[in-house]
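A.B. asks: I am attaching a structure below and will ask some questions about it afterwards.
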Amino acid sequence: MHYQHDPHAQAKLVSCVGGAVYDVFVDLRKDSPTYLQWHAEELKEGSGKSVFIPAGCAHGFISLTDNATVSYLIEGAYAPQAAATLRWNDAAIGIQWPFDPIIISVKDREAPGL
């Protein structure tokens, strides 16, 4: 689950333009009524469906098909010094993924929990 710390937090508009993904975001905004809640949507090529992810939320997805392609429209510039990760399977969040990832980056595998 990826995000950027304030003041570099970014809103995202996410679409799947090839294949299909299970797309998830977690609200990390401490003043939000949905703090630490997660939401998921299946996004697939040709559906016309996109997900808006507010700034201050962590985002991740798992591919449901081979060769899935995700397109992002992102607010502001990437700030590497503000980049952060949250463990995809953090028990404190309890995201219900459709299955465990088969391939996962070292960065994501070693991400901290809350």
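Ordering of the structure tokens sets the chain letters (A, B, ...), residue numbers begin anew at 1 in every chain, and ligands are numbered from 1 in the order given.
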Extract the full set of strand (DSSP E or B) residues from chain A according to DSSP on the backbone, and format it as a ChimeraX atom specification.
C.D. replies: /A:2-4,12-18,20-27,38-44,50-53,57-63,69-74,83-85
A.B. asks: List the neighbours of segment 73-86 of chain A out to 8 Å using only C-alpha atoms; skip same-chain residues closer than 4 positions along the sequence, and give me the result as a list in words.
C.D. replies: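 Close residues of segment 73-86 of chain A: Met1, His2, Tyr3, Gln4, His5, Asp6, His8, Gln10, Ala11, Lys12, Leu13, Val14, Ala58, Asp90, Lys107, Asp108, Ala111, Pro112, Gly113 and Leu114 of chain A.
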A.B. asks: Kindly export the residues of the current selection with N, CA and C atoms, as a PDB file, in the first residue's frame.
C.D. replies:
ATOM      1  N   MET A   1       0.859  -1.152   0.000  1.00  0.00           N
ATOM      2  CA  MET A   1       0.000   0.000   0.000  1.00  0.00           C
ATOM      3  C   MET A   1       0.912   1.223   0.000  1.00  0.00           C
ATOM      4  N   HIS A   2       0.759   2.090  -0.981  1.00  0.00           N
ATOM      5  CA  HIS A   2       1.665   3.223  -1.167  1.00  0.00           C
ATOM      6  C   HIS A   2       0.936   4.540  -0.922  1.00  0.00           C
ATOM      7  N   TYR A   3       1.666   5.503  -0.387  1.00  0.00           N
ATOM      8  CA  TYR A   3       1.135   6.850  -0.164  1.00  0.00           C
ATOM      9  C   TYR A   3       2.294   7.809   0.052  1.00  0.00           C
ATOM     10  N   GLN A   4       1.965   9.093   0.121  1.00  0.00           N
ATOM     11  CA  GLN A   4       2.952  10.122   0.442  1.00  0.00           C
ATOM     12  C   GLN A   4       2.473  10.890   1.664  1.00  0.00           C
ATOM     13  N   HIS A   5       3.412  11.185   2.567  1.00  0.00           N
ATOM     14  CA  HIS A   5       3.112  11.977   3.764  1.00  0.00           C
ATOM     15  C   HIS A   5       2.837  13.431   3.385  1.00  0.00           C
ATOM     16  N   ASP A   6       2.006  14.094   4.193  1.00  0.00           N
ATOM     17  CA  ASP A   6       1.789  15.536   4.037  1.00  0.00           C
ATOM     18  C   ASP A   6       3.112  16.264   4.165  1.00  0.00           C
ATOM     19  N   HIS A   8       2.883  16.436   0.980  1.00  0.00           N
ATOM     20  CA  HIS A   8       2.982  15.931  -0.394  1.00  0.00           C
ATOM     21  C   HIS A   8       1.947  14.854  -0.712  1.00  0.00           C
ATOM     22  N   GLN A  10      -1.124  12.906  -2.138  1.00  0.00           N
ATOM     23  CA  GLN A  10      -1.652  13.028  -3.497  1.00  0.00           C
ATOM     24  C   GLN A  10      -3.001  12.335  -3.648  1.00  0.00           C
ATOM     25  N   ALA A  11      -3.943  13.017  -4.274  1.00  0.00           N
ATOM     26  CA  ALA A  11      -5.180  12.374  -4.705  1.00  0.00           C
ATOM     27  C   ALA A  11      -4.862  11.638  -6.004  1.00  0.00           C
ATOM     28  N   LYS A  12      -5.601  10.539  -6.274  1.00  0.00           N
ATOM     29  CA  LYS A  12      -5.371   9.746  -7.482  1.00  0.00           C
ATOM     30  C   LYS A  12      -6.701   9.380  -8.113  1.00  0.00           C
ATOM     31  N   LEU A  13      -6.719   9.306  -9.412  1.00  0.00           N
ATOM     32  CA  LEU A  13      -7.826   8.737 -10.162  1.00  0.00           C
ATOM     33  C   LEU A  13      -7.247   7.517 -10.869  1.00  0.00           C
ATOM     34  N   VAL A  14      -7.769   6.337 -10.533  1.00  0.00           N
ATOM     35  CA  VAL A  14      -7.180   5.085 -10.987  1.00  0.00           C
ATOM     36  C   VAL A  14      -8.147   4.354 -11.911  1.00  0.00           C
ATOM     37  N   ALA A  58      -3.723   5.413   1.543  1.00  0.00           N
ATOM     38  CA  ALA A  58      -2.765   4.484   0.945  1.00  0.00           C
ATOM     39  C   ALA A  58      -3.482   3.694  -0.138  1.00  0.00           C
ATOM     40  N   ASP A  90      -1.678  -6.001   6.695  1.00  0.00           N
ATOM     41  CA  ASP A  90      -1.646  -5.565   8.097  1.00  0.00           C
ATOM     42  C   ASP A  90      -2.943  -5.990   8.791  1.00  0.00           C
ATOM     43  N   LYS A 107      10.109  -4.192  -1.569  1.00  0.00           N
ATOM     44  CA  LYS A 107       9.599  -3.000  -0.878  1.00  0.00           C
ATOM     45  C   LYS A 107       8.241  -3.268  -0.254  1.00  0.00           C
ATOM     46  N   ASP A 108       7.341  -3.908  -1.004  1.00  0.00           N
ATOM     47  CA  ASP A 108       6.007  -4.185  -0.484  1.00  0.00           C
ATOM     48  C   ASP A 108       6.019  -5.327   0.535  1.00  0.00           C
ATOM     49  N   ALA A 111       7.220  -3.876   3.858  1.00  0.00           N
ATOM     50  CA  ALA A 111       6.543  -2.646   4.336  1.00  0.00           C
ATOM     51  C   ALA A 111       6.122  -2.812   5.797  1.00  0.00           C
ATOM     52  N   PRO A 112       6.189  -1.733   6.558  1.00  0.00           N
ATOM     53  CA  PRO A 112       5.791  -1.818   7.968  1.00  0.00           C
ATOM     54  C   PRO A 112       4.273  -1.833   8.132  1.00  0.00           C
ATOM     55  N   GLY A 113       3.831  -2.328   9.270  1.00  0.00           N
ATOM     56  CA  GLY A 113       2.427  -2.220   9.646  1.00  0.00           C
ATOM     57  C   GLY A 113       2.197  -0.870  10.302  1.00  0.00           C
ATOM     58  N   LEU A 114       0.987  -0.686  10.796  1.00  0.00           N
ATOM     59  CA  LEU A 114       0.677   0.579  11.471  1.00  0.00           C
ATOM     60  C   LEU A 114       1.575   0.758  12.664  1.00  0.00           C
TER      61      LEU A 114
END
A.B. asks: Enumerate the residues of chain A with a DSSP assignment of helix (DSSP H, G or I), computed from the backbone, and present them as a list in words.
C.D. replies: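 Reading the DSSP output for chain A, helix (DSSP H, G or I) covers Pro80, Gln81, Ala82, Val106, Lys107, Asp108 and Arg109 of chain A.
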A.B. asks: Could you take the residues named above and write them with C-alpha atoms, as an mmCIF file, in the first residue's frame?
C.D. replies:
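File produced: selection.cif:
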data_model
loop_
_atom_site.group_PDB
_atom_site.id
_atom_site.type_symbol
_atom_site.label_atom_id
_atom_site.label_comp_id
_atom_site.auth_asym_id
_atom_site.auth_seq_id
_atom_site.Cartn_x
_atom_site.Cartn_y
_atom_site.Cartn_z
ATOM 1 C CA PRO A 80 10.530 10.624 -2.965
ATOM 2 C CA GLN A 81 11.329 11.955 0.517
ATOM 3 C CA ALA A 82 7.598 11.742 1.407
ATOM 4 C CA VAL A 106 10.782 -6.527 -1.767
ATOM 5 C CA LYS A 107 9.599 -3.000 -0.878
ATOM 6 C CA ASP A 108 6.007 -4.185 -0.484
ATOM 7 C CA ARG A 109 6.930 -7.460 1.236
#
A.B. asks: Report as CSV the residues of segment 21-70 of chain A within 10 Å of segment 99-102 of chain A, each with its shortest atom pair and distance in Å (one decimal), using only C-alpha atoms, ordered by chain and increasing residue number.
C.D. replies:
residue,atom,partner,partner_atom,distance
A:Phe61,CA,A:Pro101,CA,9.9
A:Ile62,CA,A:Pro101,CA,6.9
A:Ser63,CA,A:Pro101,CA,8.6
A:Leu64,CA,A:Phe99,CA,9.4
A.B. asks: For Ser71 of chain A, which residue out of A:Leu43, A:Ala92, A:Val24, A:Ala55 is the nearest one, using only C-alpha atoms?
C.D. replies: A:Leu43
A.B. asks: With distances taken over only C-alpha atoms, which of A:Ile93, A:Trp38, A:Trp88, A:Pro54 is nearest to Ser105 of chain A?
C.D. replies: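 The closest residue to Ser105 of chain A is A:Trp88.
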A.B. asks: My list of candidates is A:Ile53, A:Ile104, A:Ala9, A:Ala91. Which is closest to Phe25 of chain A when distances are computed with only C-alpha atoms?
C.D. replies: A:Ile53
A.B. asks: Which residue, A:Val51, A:Trp97, A:Asn89, A:Gln37, has the smallest gap to Val70 of chain A when you use only C-alpha atoms?
C.D. replies: A:Val51
A.B. asks: Between atom CA of His39 of chain A and atom CA of Tyr22 of chain A, what is the distance in Å, rounded to a tenth?
C.D. replies: 10.4 Å
A.B. asks: Find the spatial neighbours of Val17 of chain A, counting only C-alpha atoms, within a cut-off of 12 Å - ignore same-chain residues fewer than 6 positions away - and output them as a list in words.
C.D. replies: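 These residues fall inside the cut-off: Leu43, Lys44, Glu45, Gly46, Ser47, Gly48, Lys49, Ser50, Asn67, Ala68, Thr69, Val70, Ser71 and Tyr72 of chain A.
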A.B. asks: By how many Å are atom CA of Glu41 of chain A and atom CA of Pro7 of chain A apart?
C.D. replies: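 Computing it gives 27.2 Å between the two atoms.
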A.B. asks: Which value, in Å to one decimal, gives the distance between atom CA of Arg87 of chain A and atom CA of Asp23 of chain A?
C.D. replies: 15.0 Å
